[in-house]
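Down below is the structure, laid out as structure tokens.
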There are 4 protein chains.
Amino acid sequence: MWFTSDNAGPAAPEIMAAVAAANEGHALPYGADEITARAATRLREAFEAPEAAVHFVATGTAANSLALACLAAPWSAVYCHEAAHIEVDECGGPEFYTGGAKLTTAPGAHAKMDPAALEARLAGAGAGTVHHVQPGAVSITQATEYGAVHRPEEVAEIARIAKAHGLPLHMDGTRFANAVARLGCTPAELSWKAGVDALCLGATKCGALAAEAVVFFDGDKARAWEFELRRKRGGHLFSKMRFVAAQMEAWLTDGLWLRLAGEANARADRLAEGLRASNLAELPHPVEANMLFPRLPRAAHRRLHEAGARYHFWPQPASLEGADEEMIGCRMVCHWGTPEADVDAALAAIRG
Amino acid sequence: MWFTSDNAGPAAPEIMAAVAAANEGHALPYGADEITARAATRLREAFEAPEAAVHFVATGTAANSLALACLAAPWSAVYCHEAAHIEVDECGGPEFYTGGAKLTTAPGAHAKMDPAALEARLAGAGAGTVHHVQPGAVSITQATEYGAVHRPEEVAEIARIAKAHGLPLHMDGTRFANAVARLGCTPAELSWKAGVDALCLGATKCGALAAEAVVFFDGDKARAWEFELRRKRGGHLFSKMRFVAAQMEAWLTDGLWLRLAGEANARADRLAEGLRASNLAELPHPVEANMLFPRLPRAAHRRLHEAGARYHFWPQPASLEGADEEMIGCRMVCHWGTPEADVDAALAAIRG
Amino acid sequence: MWFTSDNAGPAAPEIMAAVAAANEGHALPYGADEITARAATRLREAFEAPEAAVHFVATGTAANSLALACLAAPWSAVYCHEAAHIEVDECGGPEFYTGGAKLTTAPGAHAKMDPAALEARLAGAGAGTVHHVQPGAVSITQATEYGAVHRPEEVAEIARIAKAHGLPLHMDGTRFANAVARLGCTPAELSWKAGVDALCLGATKCGALAAEAVVFFDGDKARAWEFELRRKRGGHLFSKMRFVAAQMEAWLTDGLWLRLAGEANARADRLAEGLRASNLAELPHPVEANMLFPRLPRAAHRRLHEAGARYHFWPQPASLEGADEEMIGCRMVCHWGTPEADVDAALAAIRG
Amino acid sequence: MWFTSDNAGPAAPEIMAAVAAANEGHALPYGADEITARAATRLREAFEAPEAAVHFVATGTAANSLALACLAAPWSAVYCHEAAHIEVDECGGPEFYTGGAKLTTAPGAHAKMDPAALEARLAGAGAGTVHHVQPGAVSITQATEYGAVHRPEEVAEIARIAKAHGLPLHMDGTRFANAVARLGCTPAELSWKAGVDALCLGATKCGALAAEAVVFFDGDKARAWEFELRRKRGGHLFSKMRFVAAQMEAWLTDGLWLRLAGEANARADRLAEGLRASNLAELPHPVEANMLFPRLPRAAHRRLHEAGARYHFWPQPASLEGADEEMIGCRMVCHWGTPEADVDAALAAIRG
């Protein structure tokens, strides 16, 4: 019963098979191979973006940091939600890669940046005054760090504000697949058609071993070359790139990525429904992707632990010692391979 | 007939199998899993270094750059050979990760740093004078970029000079396995016993998909923690670290790494012997690892190309157009899976 | 009638005379001269800190950024008030010099960091977890950006929290002289005796042309050398350092610094008293140094502008067009040379 | 008898007077004052470059590093002579400000980069290949670190090579005034008319306290703004900029800068003539600016030291102990205020 994170489970068999298949024969290194070319084409097709510049890396922090470094100058501000992964969970990766840009946060329900708060930040930024860092880029996360999903019109509203200030919009799409699977829209509608300039598309948390794509939709050649140099310099250009690209190609083939994301979402839904039915849990955030943040009585947590469930208290730390009825928050994450039986067993433990 | 590089061939079946096996069940992410722990233990055993700090990354540039960043301050000089990979082939990765350290080069035959030249550089470095960058670290490559192998006493001589100036010795061990396989010494004799403080041990070019280890032999806890933070911040902490570690574990198990390296070396030997016997080639560097840098008459290059051989002119570029007898250099690299038949076919083409 | 800032007025005659006197004969460059040695000694005496490491630079941003770079790692958080100069007004200088540290802000009345807010930030920092930047340093400003003065016990309370988390305390002392002059305590009581580890002591805003000192009270030799290297590398090591040091020596001689600061404070007091007496102004912050942030009816602003007064709306921008009675904030800064007549003229204009 | 450096002597009286005059009344800070505007205009006039972007800083390292950071990307190579100040004497300032660019050196007589060596470096740079840092900028020093002066046609030859590779040409003009005074050409002929894109014009070593200008001749507005942000962020934007600008204005007024440089050159000539006449000295470099690098018998050095002459052995260190007749190199620098009597006394001591 693992609900710790979507990176604790196995990779999908289709992806493992693709990696094995990529091991046939010889291939040009550093991304000059055919698999890499095919994976990029597949991605451009999936996003209806034939001109997009597509680059592959192996971690989400690398994807986000490298993308932001191409968008925001060292003396600039990157606007994001105060719970954003780039702000909280990358140990300063964006600061490192940008050469010291300042992440500037805004609040907002369910880890969606409140548009009015963003407007206020930008209005007070002191653009054009040398004493202050200059507005550089806006970044949102899809799905958010609290498991909510931005609708296309919500993305567009943030994009409109960004554009009004001349700023590019970056999307941390670690769970972009979950959002598309949830909304049933096209990938294009949820990205460039809604105003996203740069998307970091994550496969790692959705069935791959380690594969992320950075997509610049405008296909600007100079920026693409800058990205290539930054990636190499950052140590993220794999000599055997085919093994990364093969994951991405398989993931994007025949809708595998949306199937896997849909499975994870479905498991999260099942868990959410059971929690609601239990009348024991509070769910402070909508369950729209594959993450839940239920608040449960301590006694329920004790039963979960006894049943062998693994997940994180949220916020950490919390204790199993104390009053039975005290409500304690946690994070439970489902993935494509989470067994329904595990969900049901967790629910049974919660109900007691 | 691929002789372009040791990163163009397939990964070894044992390593592919280990990756597949690592996909069973759940595991804690970010290197807290059991496979990562086992791989580190395996490495410590192989190097008779029970206290060593061991970290895994996926590329050689990441390994070198992160290791050097832990050894050399931003205002320091890193001494290396003028042909060193860190100087020539990492697009400034070490400068990026160190925060701007200055790579300072010395010459030396076969890409081994001449000890006297290193002494001279250090004597003129201006240590203690604020105007100059301060000596920070010394780095050598094993096997060298020209395919030569440092003997333990050669490593020790460089280490002696480094220590006399208070500097740590870094070894770029991209082809360390080839060196050990050649010399028949122990890994310890060729690393910490010879004075190496930090070793970047590469499996990627020797049968893995993408797996490198950074080893600090003194096991200093503060530096290990600094490395962890730098690695995370650099985007090199894999959430599914088990897939990197599984490669390393398999590679270090039952001597696979030395078997693979020995195969690559043997193929290089076979090619070198054939070249010498042909009386057509010059070999300006000793063939001690898996790389050869023969100079051949242009006519021989034409025959090689016609036969379908792939390799790089060295230095690049060069042309197949011109006088038959003009000698043109090239680089030919063998790997564990290079067929003997390919070697023989290449030799046949050269002989004409 | 200039109330724009304390950097708009002239340097004190004693300091101009010292600069002229420093131009006699030859001197060793780069701070190896006698004036630099004397100025450092003078500072150590003034602070009863015979072991302190003392370094001179020419701007406050350089002082703060270099000091913080010696205290906080690239992967660390520097805790400061959300209105702190290092956060708002240095265009990312601290991020640049630290190599990308993250300024993490806390609120607090009158630009004093609320100790409880600091505690909360530190409790949630995730120290020891590799995903998050690690606590690095705490920074406070004396006097604050809103003209308030930290009492020694307030400094000590922040220092206690910092120490409890193993963090050094940095003080941006751009207007430290104003604070000492206000409180009548000793410089030592307001700095190292209260737990300050590193003080950036500013003379520029208090009568000098361009002179700041960075003081590390523990006198650690390795850090002092690191500072020297960072300063040189940052382009802040003046070849003719004697001209910077001469300002600092004169400033610290015979109590000039506290006399100048006292003059500035007295003029601010006179202005504050007049404002209070006018019954027209609100003063949201205590007037304890040389800065006032009165809120005045628009009509009073109009009269001030007509009378030729120069000062900044606060926050910017604001307009003279609109309802007479609407209250509009501004910042008015006095300096050592602000004529009493200017203060009185401004007050007369405000009263109408 | 000070021949240590041109930064050991006094500032010119005209410049001291200008600084004193700048202290009258109030002025807008951060370079928005009238003196700064006038000084920039004066410079544009002197260089017949009405469109040039002009920025003031206080040190040569700041000028060079900031200028190069605006010209060369972090992943680029800056080509310079192996004795260049930016390579040897700025403690990695250019690496720091550029974000890790690689200084790549070429040899050449008298610290002038050999054009053929520069061509060779660029031919082997691997431009367009992601593994290598990309050519970023070319930098030369005027006058050179060995006291030689580039003729306009020599500058043009380097500029031609740079342009052929799409690179901007930076000139470290710490002693640009000495070069102009020597050649009798116009400042424009020795800078932008010869292909210089960015000039760091130093007054500090030629009569000022601390004043340098960075000039971008094309007047590109975006780069000018980038420079302003980099300067602020680097802590080099003086709040009381008028005191820096006043030096520059006075220096450029009525030809003061060329008079001061001419005096320094004349003193160097007098010393060189005496040395040649003595038949005791070797002069390995032409004496074209204000620096000499004579090699003298040890006995002559002993007599110089006894007579109280101060200068540096070159290279350092060297000893007065040893054979009388052994030739030992040194550096002797004259400045605008070096008394002829000191020159004559030094010559007398040398002759013995």
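Residues in the structure tokens are numbered from 1 in each chain, the chains being A, B, ... in the order shown, and ligands are numbered from 1 in the order shown.
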
Inset, instruction - Give me, as number ranges by chain, the contact residues of chain D against chain A at a cut-off of 12 Å, counting only C-alpha atoms. - result: D: 29-32, 69, 73-76, 96-101, 127-134, 222, 224-239

Those selected residues, please, written with N, CA and C atoms and delivered as a CSV table (one decimal), in the first residue's frame.
chain,number,residue,atom,x,y,z
D,29,PRO,N,20.7,61.2,-7.0
D,29,PRO,CA,21.7,60.1,-6.8
D,29,PRO,C,21.7,59.1,-8.0
D,30,TYR,N,22.6,58.2,-7.9
D,30,TYR,CA,22.6,57.0,-8.8
D,30,TYR,C,22.8,57.4,-10.3
D,31,GLY,N,23.5,58.5,-10.5
D,31,GLY,CA,23.9,58.9,-11.8
D,31,GLY,C,22.9,59.7,-12.6
D,32,ALA,N,21.8,60.2,-11.9
D,32,ALA,CA,20.8,61.0,-12.5
D,32,ALA,C,21.2,62.5,-12.4
D,69,ALA,N,30.8,40.8,-19.5
D,69,ALA,CA,29.5,40.1,-19.2
D,69,ALA,C,28.4,40.5,-20.2
D,73,ALA,N,28.6,35.3,-23.5
D,73,ALA,CA,27.6,34.4,-22.7
D,73,ALA,C,28.4,33.6,-21.7
D,74,PRO,N,27.7,33.0,-20.7
D,74,PRO,CA,28.4,32.2,-19.8
D,74,PRO,C,29.1,31.0,-20.4
D,75,TRP,N,28.6,30.5,-21.5
D,75,TRP,CA,29.1,29.3,-22.2
D,75,TRP,C,30.0,29.7,-23.3
D,76,SER,N,30.7,30.8,-23.2
D,76,SER,CA,31.5,31.3,-24.3
D,76,SER,C,33.0,31.4,-23.9
D,96,PHE,N,33.5,35.5,-12.9
D,96,PHE,CA,32.4,35.8,-12.0
D,96,PHE,C,31.2,36.5,-12.7
D,97,TYR,N,31.6,37.6,-13.3
D,97,TYR,CA,30.5,38.5,-13.9
D,97,TYR,C,29.9,37.8,-15.1
D,98,THR,N,30.6,37.1,-15.9
D,98,THR,CA,30.0,36.5,-17.1
D,98,THR,C,29.2,35.2,-16.7
D,99,GLY,N,29.4,34.7,-15.5
D,99,GLY,CA,28.7,33.5,-15.2
D,99,GLY,C,29.5,32.3,-15.6
D,100,GLY,N,30.8,32.4,-15.7
D,100,GLY,CA,31.6,31.2,-16.0
D,100,GLY,C,32.2,31.1,-17.4
D,101,ALA,N,32.3,32.2,-18.1
D,101,ALA,CA,33.0,32.1,-19.4
D,101,ALA,C,34.4,31.7,-19.2
D,127,ALA,N,33.2,26.0,-32.8
D,127,ALA,CA,31.9,26.8,-32.9
D,127,ALA,C,30.8,26.0,-33.5
D,128,GLY,N,29.7,26.0,-32.9
D,128,GLY,CA,28.6,25.3,-33.4
D,128,GLY,C,28.5,23.8,-32.9
D,129,THR,N,29.4,23.4,-32.1
D,129,THR,CA,29.4,22.1,-31.6
D,129,THR,C,29.1,22.2,-30.1
D,130,VAL,N,28.1,21.5,-29.6
D,130,VAL,CA,27.6,21.8,-28.3
D,130,VAL,C,28.6,21.4,-27.1
D,131,HIS,N,29.6,20.6,-27.5
D,131,HIS,CA,30.5,20.1,-26.4
D,131,HIS,C,31.5,21.2,-26.0
D,132,HIS,N,31.6,22.2,-26.8
D,132,HIS,CA,32.7,23.2,-26.5
D,132,HIS,C,32.1,24.5,-26.2
D,133,VAL,N,32.8,25.3,-25.4
D,133,VAL,CA,32.3,26.7,-25.2
D,133,VAL,C,32.4,27.4,-26.5
D,134,GLN,N,31.5,28.3,-26.7
D,134,GLN,CA,31.4,28.9,-28.0
D,134,GLN,C,32.2,30.3,-28.0
D,222,ALA,N,19.3,48.2,-25.5
D,222,ALA,CA,19.1,47.0,-24.7
D,222,ALA,C,20.3,46.7,-23.9
D,224,ALA,N,22.8,48.7,-23.1
D,224,ALA,CA,23.0,49.7,-22.1
D,224,ALA,C,22.2,49.5,-20.8
D,225,TRP,N,20.9,49.1,-21.0
D,225,TRP,CA,20.1,48.8,-19.9
D,225,TRP,C,20.6,47.5,-19.2
D,226,GLU,N,21.0,46.5,-19.9
D,226,GLU,CA,21.6,45.3,-19.3
D,226,GLU,C,22.8,45.7,-18.5
D,227,PHE,N,23.6,46.6,-19.0
D,227,PHE,CA,24.8,47.1,-18.2
D,227,PHE,C,24.4,47.7,-16.9
D,228,GLU,N,23.4,48.6,-17.0
D,228,GLU,CA,22.9,49.3,-15.8
D,228,GLU,C,22.5,48.3,-14.7
D,229,LEU,N,21.8,47.3,-15.2
D,229,LEU,CA,21.3,46.3,-14.2
D,229,LEU,C,22.4,45.4,-13.7
D,230,ARG,N,23.3,45.1,-14.5
D,230,ARG,CA,24.5,44.3,-14.0
D,230,ARG,C,25.3,45.2,-13.1
D,231,ARG,N,25.5,46.4,-13.4
D,231,ARG,CA,26.3,47.3,-12.5
D,231,ARG,C,25.6,47.4,-11.2
D,232,LYS,N,24.3,47.7,-11.1
D,232,LYS,CA,23.6,47.8,-9.9
D,232,LYS,C,23.8,46.5,-9.0
D,233,ARG,N,23.5,45.4,-9.7
D,233,ARG,CA,23.5,44.1,-9.1
D,233,ARG,C,25.0,43.7,-8.6
D,234,GLY,N,25.9,44.3,-9.3
D,234,GLY,CA,27.3,44.0,-8.9
D,234,GLY,C,27.8,45.0,-7.8
D,235,GLY,N,26.9,45.9,-7.4
D,235,GLY,CA,27.3,46.8,-6.3
D,235,GLY,C,28.1,48.0,-6.8
D,236,HIS,N,28.1,48.2,-8.1
D,236,HIS,CA,29.0,49.3,-8.7
D,236,HIS,C,28.2,50.5,-9.1
D,237,LEU,N,26.9,50.6,-8.7
D,237,LEU,CA,26.2,51.8,-9.0
D,237,LEU,C,26.3,52.7,-7.7
D,238,PHE,N,27.1,53.8,-7.8
D,238,PHE,CA,27.3,54.7,-6.7
D,238,PHE,C,26.1,55.5,-6.5
D,239,SER,N,25.7,55.6,-5.2
D,239,SER,CA,24.6,56.5,-4.9
D,239,SER,C,25.1,58.0,-5.2

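Chain B and chain A, identical in sequence, superpose over all their Cα atoms with an RMSD of 0.0 Å.
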
Legend entry - Residue neighbourhood Glu189 of chain C, 12 Å, only C-alpha atoms, exclusion window fewer than 3 positions, as a list in words: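 With the cut-off at 12 Å, the set is Ala46, Phe47, Glu48, Ala49, His150, Arg151, Pro152, Glu153, Glu154, Val155, Ala156, Phe176, Ala179, Val180, Leu183, Gly184, Cys185, Thr186, Trp192, Lys193, Ala194, Gly195 and Val196 of chain C.
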
Legend entry - Expected answer as number ranges by chain: strand (DSSP E or B) residues in segment 101-198 of chain C: C: 102-106, 134-141, 169-173, 198

Can I get the selection written as a tab-separated table (two decimals), in the first residue's frame, with C-alpha atoms?
chain	number	residue	atom	x	y	z
C	102	LYS	CA	17.22	32.50	-1.77
C	103	LEU	CA	16.10	35.54	0.17
C	104	THR	CA	13.24	34.42	2.34
C	105	THR	CA	11.17	37.13	3.87
C	106	ALA	CA	9.21	37.59	7.05
C	134	GLN	CA	19.10	25.18	3.74
C	135	PRO	CA	18.93	27.92	6.34
C	136	GLY	CA	22.00	30.11	5.76
C	137	ALA	CA	21.88	33.44	7.55
C	138	VAL	CA	19.59	35.99	9.14
C	139	SER	CA	19.79	39.65	8.18
C	140	ILE	CA	18.31	42.72	9.82
C	141	THR	CA	18.62	46.40	8.99
C	169	LEU	CA	23.36	37.26	12.10
C	170	HIS	CA	24.11	39.91	9.52
C	171	MET	CA	23.25	43.55	10.09
C	172	ASP	CA	22.79	45.96	7.23
C	173	GLY	CA	24.04	49.02	9.09
C	198	ALA	CA	28.75	40.65	10.56

Inset, instruction - Quick one: everything within 12 Å of Glu273 of chain A, counting only C-alpha atoms, minus sequence neighbours fewer than 2 positions away in the same chain. Send it as a VMD selection string. - result: chain A and resid 266 to 271 275 to 283 286 to 287 292 294 343 to 344 347

Legend entry - Nearby residues (only C-alpha atoms) at most 12 Å from Ala37 of chain C, same-chain spacing under 3 positions excluded, as a list in words: Ala27, Leu28, Tyr30, Gly31, Ala32, Asp33, Glu34, Ala40, Thr41, Arg42, Leu43, Arg44, Ala53, Val54, His55, Phe56, Met241, Arg242, Val244, Ala245, Ala246, Met248 and Glu249 of chain C

Go ahead and dump the residues you just picked, N, CA and C atoms, as a PDB file, in the first residue's frame.
ATOM      1  N   ALA C  27      51.635  55.997  -1.860  1.00  0.00           N
ATOM      2  CA  ALA C  27      51.139  55.016  -0.900  1.00  0.00           C
ATOM      3  C   ALA C  27      51.040  53.671  -1.590  1.00  0.00           C
ATOM      4  N   LEU C  28      51.192  52.635  -0.826  1.00  0.00           N
ATOM      5  CA  LEU C  28      51.014  51.302  -1.389  1.00  0.00           C
ATOM      6  C   LEU C  28      49.563  51.123  -1.787  1.00  0.00           C
ATOM      7  N   TYR C  30      45.967  49.006  -3.080  1.00  0.00           N
ATOM      8  CA  TYR C  30      45.124  47.856  -2.746  1.00  0.00           C
ATOM      9  C   TYR C  30      44.969  47.640  -1.248  1.00  0.00           C
ATOM     10  N   GLY C  31      45.025  48.740  -0.499  1.00  0.00           N
ATOM     11  CA  GLY C  31      44.753  48.633   0.917  1.00  0.00           C
ATOM     12  C   GLY C  31      45.953  48.294   1.777  1.00  0.00           C
ATOM     13  N   ALA C  32      47.124  48.278   1.174  1.00  0.00           N
ATOM     14  CA  ALA C  32      48.335  48.015   1.958  1.00  0.00           C
ATOM     15  C   ALA C  32      48.928  49.298   2.525  1.00  0.00           C
ATOM     16  N   ASP C  33      48.203  50.385   2.413  1.00  0.00           N
ATOM     17  CA  ASP C  33      48.696  51.686   2.852  1.00  0.00           C
ATOM     18  C   ASP C  33      48.406  51.936   4.330  1.00  0.00           C
ATOM     19  N   GLU C  34      48.995  52.979   4.845  1.00  0.00           N
ATOM     20  CA  GLU C  34      48.868  53.278   6.273  1.00  0.00           C
ATOM     21  C   GLU C  34      47.492  53.814   6.647  1.00  0.00           C
ATOM     22  N   ALA C  40      41.080  50.946   9.912  1.00  0.00           N
ATOM     23  CA  ALA C  40      40.628  49.681  10.483  1.00  0.00           C
ATOM     24  C   ALA C  40      40.830  49.683  11.991  1.00  0.00           C
ATOM     25  N   THR C  41      41.965  50.168  12.410  1.00  0.00           N
ATOM     26  CA  THR C  41      42.225  50.248  13.843  1.00  0.00           C
ATOM     27  C   THR C  41      41.202  51.145  14.534  1.00  0.00           C
ATOM     28  N   ARG C  42      40.921  52.272  13.914  1.00  0.00           N
ATOM     29  CA  ARG C  42      39.947  53.196  14.477  1.00  0.00           C
ATOM     30  C   ARG C  42      38.584  52.508  14.648  1.00  0.00           C
ATOM     31  N   LEU C  43      38.220  51.739  13.654  1.00  0.00           N
ATOM     32  CA  LEU C  43      36.930  51.055  13.722  1.00  0.00           C
ATOM     33  C   LEU C  43      36.928  50.000  14.829  1.00  0.00           C
ATOM     34  N   ARG C  44      38.003  49.250  14.911  1.00  0.00           N
ATOM     35  CA  ARG C  44      38.083  48.232  15.972  1.00  0.00           C
ATOM     36  C   ARG C  44      37.986  48.886  17.351  1.00  0.00           C
ATOM     37  N   ALA C  53      37.760  41.434  11.959  1.00  0.00           N
ATOM     38  CA  ALA C  53      38.236  41.600  10.584  1.00  0.00           C
ATOM     39  C   ALA C  53      37.464  42.752   9.959  1.00  0.00           C
ATOM     40  N   VAL C  54      38.184  43.693   9.387  1.00  0.00           N
ATOM     41  CA  VAL C  54      37.568  44.914   8.852  1.00  0.00           C
ATOM     42  C   VAL C  54      37.965  45.078   7.393  1.00  0.00           C
ATOM     43  N   HIS C  55      36.982  45.282   6.541  1.00  0.00           N
ATOM     44  CA  HIS C  55      37.216  45.450   5.110  1.00  0.00           C
ATOM     45  C   HIS C  55      36.447  46.679   4.626  1.00  0.00           C
ATOM     46  N   PHE C  56      37.018  47.393   3.687  1.00  0.00           N
ATOM     47  CA  PHE C  56      36.342  48.589   3.177  1.00  0.00           C
ATOM     48  C   PHE C  56      35.904  48.393   1.731  1.00  0.00           C
ATOM     49  N   MET C 241      42.971  52.547  -2.462  1.00  0.00           N
ATOM     50  CA  MET C 241      42.092  52.317  -1.321  1.00  0.00           C
ATOM     51  C   MET C 241      42.199  53.438  -0.289  1.00  0.00           C
ATOM     52  N   ARG C 242      43.346  54.116  -0.271  1.00  0.00           N
ATOM     53  CA  ARG C 242      43.522  55.153   0.745  1.00  0.00           C
ATOM     54  C   ARG C 242      42.412  56.220   0.695  1.00  0.00           C
ATOM     55  N   VAL C 244      39.240  55.733   0.004  1.00  0.00           N
ATOM     56  CA  VAL C 244      38.067  55.211   0.708  1.00  0.00           C
ATOM     57  C   VAL C 244      38.333  55.177   2.216  1.00  0.00           C
ATOM     58  N   ALA C 245      39.508  54.675   2.548  1.00  0.00           N
ATOM     59  CA  ALA C 245      39.842  54.525   3.967  1.00  0.00           C
ATOM     60  C   ALA C 245      39.929  55.876   4.675  1.00  0.00           C
ATOM     61  N   ALA C 246      40.407  56.876   3.950  1.00  0.00           N
ATOM     62  CA  ALA C 246      40.536  58.206   4.573  1.00  0.00           C
ATOM     63  C   ALA C 246      39.169  58.725   4.999  1.00  0.00           C
ATOM     64  N   MET C 248      36.650  56.887   5.915  1.00  0.00           N
ATOM     65  CA  MET C 248      36.221  56.114   7.072  1.00  0.00           C
ATOM     66  C   MET C 248      37.000  56.540   8.311  1.00  0.00           C
ATOM     67  N   GLU C 249      38.285  56.801   8.147  1.00  0.00           N
ATOM     68  CA  GLU C 249      39.078  57.230   9.301  1.00  0.00           C
ATOM     69  C   GLU C 249      38.547  58.554   9.862  1.00  0.00           C
TER      70      GLU C 249
END

Inset, instruction - Compare D:Trp251, D:Ile86, D:Glu321, D:Asn23 by their minimum atom-to-atom distance to Gly337 of chain C, counting only C-alpha atoms, and give me the closest one. - result: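 Among D:Trp251, D:Ile86, D:Glu321, D:Asn23, it is D:Asn23 that comes nearest to Gly337 of chain C.
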
Inset, instruction - Can you list, as a PyMOL selection string, all residues belonging to segment 22-210 of chain A that DSSP tags as alpha helix (DSSP H)? - result: chain A and resi 34-46+60-71+85-88+93-98+115-123+152-164+176-183

Output file for the selection above: C-alpha atoms, as an mmCIF file, in the first residue's frame:
data_model
loop_
_atom_site.group_PDB
_atom_site.id
_atom_site.type_symbol
_atom_site.label_atom_id
_atom_site.label_comp_id
_atom_site.auth_asym_id
_atom_site.auth_seq_id
_atom_site.Cartn_x
_atom_site.Cartn_y
_atom_site.Cartn_z
ATOM 1 C CA GLU A 34 16.840 8.314 -34.813
ATOM 2 C CA ILE A 35 14.885 7.537 -31.679
ATOM 3 C CA THR A 36 15.428 11.036 -30.382
ATOM 4 C CA ALA A 37 14.265 12.492 -33.668
ATOM 5 C CA ARG A 38 11.192 10.280 -33.658
ATOM 6 C CA ALA A 39 10.306 11.127 -30.072
ATOM 7 C CA ALA A 40 10.498 14.837 -30.820
ATOM 8 C CA THR A 41 8.285 14.376 -33.855
ATOM 9 C CA ARG A 42 5.818 12.384 -31.823
ATOM 10 C CA LEU A 43 5.648 15.153 -29.265
ATOM 11 C CA ARG A 44 5.166 17.865 -31.887
ATOM 12 C CA GLU A 45 2.341 15.816 -33.339
ATOM 13 C CA ALA A 46 0.693 15.258 -29.986
ATOM 14 C CA GLY A 60 11.970 17.655 -13.613
ATOM 15 C CA THR A 61 14.314 19.985 -11.781
ATOM 16 C CA ALA A 62 16.608 20.008 -14.788
ATOM 17 C CA ALA A 63 13.697 20.668 -17.113
ATOM 18 C CA ASN A 64 12.289 23.532 -15.092
ATOM 19 C CA SER A 65 15.625 25.117 -14.272
ATOM 20 C CA LEU A 66 16.987 24.972 -17.791
ATOM 21 C CA ALA A 67 13.741 26.243 -19.276
ATOM 22 C CA LEU A 68 13.556 29.152 -16.858
ATOM 23 C CA ALA A 69 17.202 30.008 -17.493
ATOM 24 C CA CYS A 70 16.341 30.447 -21.154
ATOM 25 C CA LEU A 71 13.407 32.703 -20.299
ATOM 26 C CA HIS A 85 7.893 23.040 -6.822
ATOM 27 C CA ILE A 86 10.433 25.459 -8.334
ATOM 28 C CA GLU A 87 10.170 27.614 -5.209
ATOM 29 C CA VAL A 88 10.023 24.948 -2.548
ATOM 30 C CA GLY A 93 17.857 24.859 -8.919
ATOM 31 C CA PRO A 94 16.173 27.738 -10.762
ATOM 32 C CA GLU A 95 18.362 30.232 -8.954
ATOM 33 C CA PHE A 96 21.428 28.208 -9.893
ATOM 34 C CA TYR A 97 20.591 27.833 -13.553
ATOM 35 C CA THR A 98 19.315 31.362 -14.075
ATOM 36 C CA PRO A 115 -4.488 36.329 -10.938
ATOM 37 C CA ALA A 116 -5.149 39.440 -8.868
ATOM 38 C CA ALA A 117 -2.181 38.667 -6.652
ATOM 39 C CA LEU A 118 -0.002 38.239 -9.719
ATOM 40 C CA GLU A 119 -1.225 41.557 -11.090
ATOM 41 C CA ALA A 120 -0.399 43.210 -7.790
ATOM 42 C CA ARG A 121 3.093 41.741 -7.723
ATOM 43 C CA LEU A 122 3.739 42.947 -11.223
ATOM 44 C CA ALA A 123 2.320 46.389 -10.561
ATOM 45 C CA PRO A 152 -7.581 26.256 -20.274
ATOM 46 C CA GLU A 153 -9.305 29.510 -19.438
ATOM 47 C CA GLU A 154 -7.428 29.739 -16.151
ATOM 48 C CA VAL A 155 -4.152 29.250 -17.955
ATOM 49 C CA ALA A 156 -5.211 31.852 -20.472
ATOM 50 C CA GLU A 157 -5.983 34.371 -17.755
ATOM 51 C CA ILE A 158 -2.490 34.020 -16.282
ATOM 52 C CA ALA A 159 -1.039 34.150 -19.778
ATOM 53 C CA ARG A 160 -2.938 37.345 -20.518
ATOM 54 C CA ILE A 161 -1.441 39.028 -17.455
ATOM 55 C CA ALA A 162 2.033 37.767 -18.285
ATOM 56 C CA LYS A 163 1.794 38.985 -21.875
ATOM 57 C CA ALA A 164 0.476 42.367 -20.771
ATOM 58 C CA PHE A 176 0.442 17.675 -17.290
ATOM 59 C CA ALA A 177 -0.705 14.284 -18.501
ATOM 60 C CA ASN A 178 -2.985 13.954 -15.490
ATOM 61 C CA ALA A 179 -4.514 17.326 -16.272
ATOM 62 C CA VAL A 180 -5.166 16.475 -19.923
ATOM 63 C CA ALA A 181 -6.608 13.124 -18.952
ATOM 64 C CA ARG A 182 -8.887 14.823 -16.454
ATOM 65 C CA LEU A 183 -10.146 17.597 -18.694
#
